[in-house]
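For reference, target35.txt is printed below; it contains compact mmCIF, C-alpha atoms.
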# COMPACT_ATOMS: atom_id res chain seq x y z
CA ARG K 153 -5.16 -10.67 -4.19
CA THR K 154 -7.48 -10.32 -1.19
CA ARG K 155 -6.01 -13.38 0.58
CA CYS K 156 -2.47 -12.19 -0.08
CA GLN K 157 -3.27 -8.72 1.23
CA GLN K 158 -4.90 -10.20 4.35
CA LEU K 159 -1.80 -12.27 5.04
CA HIS K 160 0.42 -9.24 4.56
CA ASP K 161 -1.78 -6.98 6.70
CA ASN K 162 -2.17 -9.72 9.31
CA THR K 163 -5.97 -9.63 9.07
CA GLY K 164 -8.70 -11.93 7.78
CA GLU K 165 -8.88 -15.66 8.36
CA ASN K 166 -5.35 -15.94 9.72
CA ASN K 167 -6.69 -14.48 13.00
CA GLY K 168 -3.78 -12.15 13.58
CA THR K 169 -0.98 -14.67 13.13
CA HIS K 170 1.95 -14.51 10.76
CA PRO K 171 3.33 -17.53 8.92
CA ASP K 172 5.84 -19.76 10.67
CA VAL K 173 7.63 -20.54 7.41
CA ILE K 174 8.02 -18.53 4.20
CA ALA K 175 9.35 -20.20 1.04
CA VAL K 176 10.86 -17.98 -1.67
CA TYR K 177 11.56 -19.55 -5.05
CA ILE K 178 12.07 -16.73 -7.52
CA GLY K 179 14.68 -15.57 -10.00
CA ILE K 180 14.63 -18.23 -12.71
CA ASN K 181 12.89 -15.90 -15.18
CA ASP K 182 15.36 -13.10 -14.36
CA PHE K 183 18.21 -15.52 -15.01
CA ASN K 184 16.64 -16.83 -18.19
CA ASN K 185 16.00 -13.33 -19.55
CA GLY K 186 19.51 -12.10 -18.82
CA SER K 187 18.44 -9.48 -16.28
CA THR K 188 21.33 -7.60 -14.71
CA LEU K 189 22.29 -9.56 -11.61
CA GLY K 190 24.48 -7.12 -9.70
CA THR K 191 25.84 -7.88 -6.26
CA PHE K 192 24.81 -7.64 -2.62
CA LYS K 193 27.07 -7.40 0.40
CA ASN K 194 25.33 -5.18 2.94
CA LEU K 195 21.89 -3.79 3.78
CA SER K 196 23.18 -0.23 3.54
CA GLU K 197 23.51 -0.75 -0.23
CA VAL K 198 19.72 -0.92 -0.56
CA TYR K 199 18.29 0.67 2.61
CA THR K 200 19.04 3.34 5.18
CA GLU K 201 16.87 4.69 7.99
CA GLU K 202 17.21 8.20 6.58
CA GLU K 203 16.47 7.48 2.91
CA GLY K 204 14.48 4.23 3.03
CA TYR K 205 14.84 1.80 0.14
CA ILE K 206 16.61 2.58 -3.11
CA THR K 207 14.90 1.99 -6.43
CA PRO K 208 16.49 -1.33 -7.39
CA GLU K 209 18.41 -1.51 -10.65
CA THR K 210 19.58 -5.11 -10.37
CA VAL K 211 18.15 -8.48 -9.45
CA ALA K 212 20.41 -8.63 -6.38
CA GLN K 213 19.15 -5.30 -5.10
CA ALA K 214 15.48 -6.20 -5.65
CA TYR K 215 15.96 -9.62 -4.04
CA ALA K 216 17.70 -8.13 -1.01
CA ILE K 217 14.98 -5.49 -0.57
CA MET K 218 12.29 -8.16 -0.76
CA VAL K 219 14.00 -10.37 1.82
CA HIS K 220 14.70 -7.44 4.14
CA LYS K 221 11.05 -6.39 4.02
CA MET K 222 10.01 -9.96 4.86
CA THR K 223 12.43 -10.20 7.79
CA VAL K 224 11.06 -6.94 9.18
CA MET K 225 7.37 -7.69 8.57
CA TYR K 226 7.59 -11.34 9.63
CA GLU K 227 10.37 -11.17 12.21
CA ASN K 228 9.36 -14.45 13.86
CA SER K 229 9.02 -16.40 10.61
CA ASP K 230 11.70 -18.69 9.23
CA ILE K 231 12.47 -17.77 5.63
CA PHE K 232 13.75 -20.34 3.14
CA LEU K 233 15.37 -19.11 -0.08
CA PHE K 234 15.64 -21.53 -2.99
CA THR K 235 18.67 -21.57 -5.26
CA LEU K 236 18.05 -22.01 -8.98
CA PRO K 237 18.49 -25.35 -10.75
CA ALA K 238 20.02 -25.85 -14.18
CA ASN K 239 17.58 -25.45 -17.03
CA GLY K 240 17.31 -26.08 -20.74
CA THR K 241 16.62 -22.55 -21.96
CA ASN K 242 19.67 -20.73 -20.58
CA LYS K 243 22.64 -23.04 -20.20
CA ASN K 244 25.05 -20.34 -18.96
CA THR K 245 26.27 -22.27 -15.92
CA GLU K 246 28.73 -19.53 -14.95
CA LEU K 247 25.91 -16.97 -14.69
CA LEU K 248 23.67 -19.48 -12.89
CA ALA K 249 26.40 -20.00 -10.31
CA LYS K 250 26.60 -16.22 -9.81
CA TYR K 251 22.83 -16.02 -9.27
CA ASN K 252 23.04 -18.79 -6.72
CA ASN K 253 25.98 -17.14 -4.98
CA VAL K 254 23.92 -13.95 -4.61
CA ILE K 255 20.98 -15.93 -3.21
CA ASN K 256 23.32 -17.62 -0.71
CA GLU K 257 24.90 -14.28 0.28
CA ILE K 258 21.48 -12.71 0.84
CA ALA K 259 20.36 -15.75 2.84
CA GLU K 260 23.45 -15.52 5.03
CA HIS K 261 23.13 -11.77 5.52
CA PHE K 262 19.48 -11.95 6.56
CA ASP K 263 19.82 -15.23 8.50
CA CYS K 264 17.58 -17.22 6.14
CA TYR K 265 17.76 -20.89 5.31
CA VAL K 266 18.66 -22.19 1.84
CA VAL K 267 16.91 -24.92 -0.11
CA ASP K 268 19.67 -25.87 -2.53
CA LEU K 269 17.93 -26.69 -5.81
CA ALA K 270 21.18 -25.97 -7.63
CA ASN K 271 22.57 -29.22 -6.26
CA ILE K 272 19.41 -31.30 -6.13
CA GLU K 273 20.23 -34.97 -6.61
CA GLY K 274 18.72 -36.60 -9.67
CA TYR K 275 17.51 -33.36 -11.26
CA ASN K 276 17.25 -33.31 -15.05
CA TYR K 277 15.38 -30.40 -16.65
CA ALA K 278 14.25 -32.56 -19.58
CA THR K 279 12.32 -34.76 -17.14
CA TYR K 280 11.32 -32.24 -14.50
CA THR K 281 10.25 -29.16 -16.49
CA SER K 282 7.38 -28.51 -18.86
CA ASP K 283 9.32 -26.10 -21.06
CA GLY K 284 12.97 -26.56 -20.13
CA LEU K 285 12.59 -23.89 -17.43
CA HIS K 286 9.46 -24.16 -15.26
CA PRO K 287 8.86 -27.28 -13.17
CA ASN K 288 6.19 -29.72 -14.25
CA GLU K 289 4.31 -31.92 -11.77
CA LEU K 290 7.27 -34.30 -11.35
CA GLY K 291 9.55 -31.29 -10.92
CA MET K 292 7.33 -29.81 -8.24
CA ASP K 293 7.32 -33.19 -6.47
CA LEU K 294 11.13 -33.24 -6.54
CA ILE K 295 11.32 -29.65 -5.28
CA THR K 296 8.76 -30.37 -2.55
CA ASP K 297 10.70 -33.44 -1.45
CA LEU K 298 13.90 -31.39 -1.12
CA PHE K 299 12.03 -28.65 0.76
CA VAL K 300 10.58 -31.20 3.19
CA ARG K 301 14.02 -32.74 3.72
CA THR K 302 15.46 -29.26 4.35
CA LEU K 303 12.68 -28.46 6.83
CA LYS K 304 13.40 -31.71 8.67
CA GLU K 305 17.13 -30.94 8.75
CA VAL K 306 16.45 -27.49 10.17
CA TYR K 307 13.79 -28.38 12.71
CA LEU K 308 15.17 -31.72 13.82
CA THR K 309 18.76 -30.54 14.25
CA GLU K 310 18.46 -26.90 15.33
CA THR K 311 16.65 -25.03 18.00
CA VAL K 312 13.99 -22.96 16.29
CA ARG K 313 14.98 -19.30 16.35
Using structure tokens, write down the structure from this file.
Amino acid sequence: RTRCQQLHDNTGENNGTHPDVIAVYIGINDFNNGSTLGTFKNLSEVYTEEEGYITPETVAQAYAIMVHKMTVMYENSDIFLFTLPANGTNKNTELLAKYNNVINEIAEHFDCYVVDLANIEGYNYATYTSDGLHPNELGMDLITDLFVRTLKEVYLTETVR
């Protein structure tokens, strides 16, 4: 907790510097547990200067608030949002596609990059998860490889923002 707080407060061993890259891979438990997804189209749905942030009632609202706070706090950081891969505990592919659409919409709205785990080549949850849902060591290697490839695509083909 102390290290996390120091990073957030921009104090401690980071010597007053913010991260260059932030990776966000969340939502698989929300999907698996059937949490209400909701939608997101515009910042004004979750935040206004006058009222501040709403109390989120859906995954989409909470996700958008989180990403907005990161883009404000770490305005010079590149943020990478990970889509969710198929899993063995909730096989509702239609709902999974909706979750990933929301992640993509939020990424586009807040000018974040996407690491597309939903379409990761060679992924099989039986091989790459410990419980049908959470990545095992091989799964983390596969995810890391895709993240590295995405970083290379971004930084070797685009001018850093």
If you count only C-alpha atoms, the residue of K:Asn242, K:Asn167, K:Asn271, K:Asn228 closest to K:Asn181 turns out to be K:Asn242
Rank nothing, just name the residue among K:Thr241, K:Glu257, K:Ile272, K:Tyr307 nearest to K:Ile180, using all atoms listed in the file.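 Closest candidate: K:Thr241.
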Inset, instruction - Extract, using all atoms listed in the file, all DNA, RNA and protein residues at most 9 Å from stretch 289-305 of chain K, discarding same-chain residues fewer than 3 positions from it, and format them as a list in words. - result: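 Using all atoms listed in the file, the neighbours found are Ala175, Phe232, Phe234, Tyr265, Val266, Val267, Asp268, Leu269, Ile272, Gly274, Tyr275, Asn276, Tyr277, Thr279, Tyr280, Thr281, Ser282, His286, Leu308, Thr309 and Glu310 of chain K.
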Calculated over only C-alpha atoms, which of the candidates K:Thr154, K:Leu233, K:Phe262, K:Asn288 has the smallest distance to K:Lys193?
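Going through K:Thr154, K:Leu233, K:Phe262, K:Asn288 one by one, the smallest distance to K:Lys193 is for K:Phe262.
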Need the shell around K:Asn185: protein/DNA/RNA residues with any atom at most 12 Å away, counting all atoms listed in the file. Skip same-chain ones fewer than 3 positions apart. Format as a VMD selection string?
chain K and resid 179 to 182 188 to 189 211 241 to 244 247 to 248 285
I want to know what sits within 8 Å of K:Tyr205, based on all atoms listed in the file, with residues of the same chain fewer than 6 positions away left out; could you give that as a PyMOL selection string? chain K and resi 198-199+217
Just want the 12 Å neighbourhood of K:Met225, counted on all atoms listed in the file, with same-chain residues fewer than 3 positions away dropped. Output as a PyMOL selection string. chain K and resi 159-162+169-171+174+218-222+228-231
### Task
May I ask which of the residues K:Thr200, K:Thr235, K:Gln158, K:Asn252 is the closest one to K:Val176, counting all atoms listed in the file?
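Going through K:Thr200, K:Thr235, K:Gln158, K:Asn252 one by one, the smallest distance to K:Val176 is for K:Thr235.
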The distance between atom CA of K:Asn239 and atom CA of K:Asn253 is 16.9 Å
Exercise for the section: Please check which residues have atoms at most 9 Å from (19.6, -7.0, -11.6) in the file's coordinates, counting all atoms listed in the file, and write them as a PyMOL selection string. Expected result: chain K and resi 182+186-191+208-215
| request: Provide the atom CA of K:Asp172 to atom CA of K:Ala270 distance in Å, to one decimal place. | output: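 That distance, rounded to one decimal, is 24.7 Å.
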Restricting the calculation to all atoms listed in the file: of K:Tyr177, K:Val254, K:Ala249, K:Cys264, which residue gets closest to K:Glu227?
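Distance minimum relative to K:Glu227 lands on K:Cys264.
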query = Just how far from atom CA of K:Val306 is atom CA of K:Leu195, in Å to one decimal?
reply =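 Pair atom CA of K:Leu195 / atom CA of K:Val306 returns 25.1 Å.
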Across K:Glu203, K:Asp283, K:Glu260, K:Glu273, the smallest distance to K:Gly240, with all atoms listed in the file counted, is shown by K:Asp283
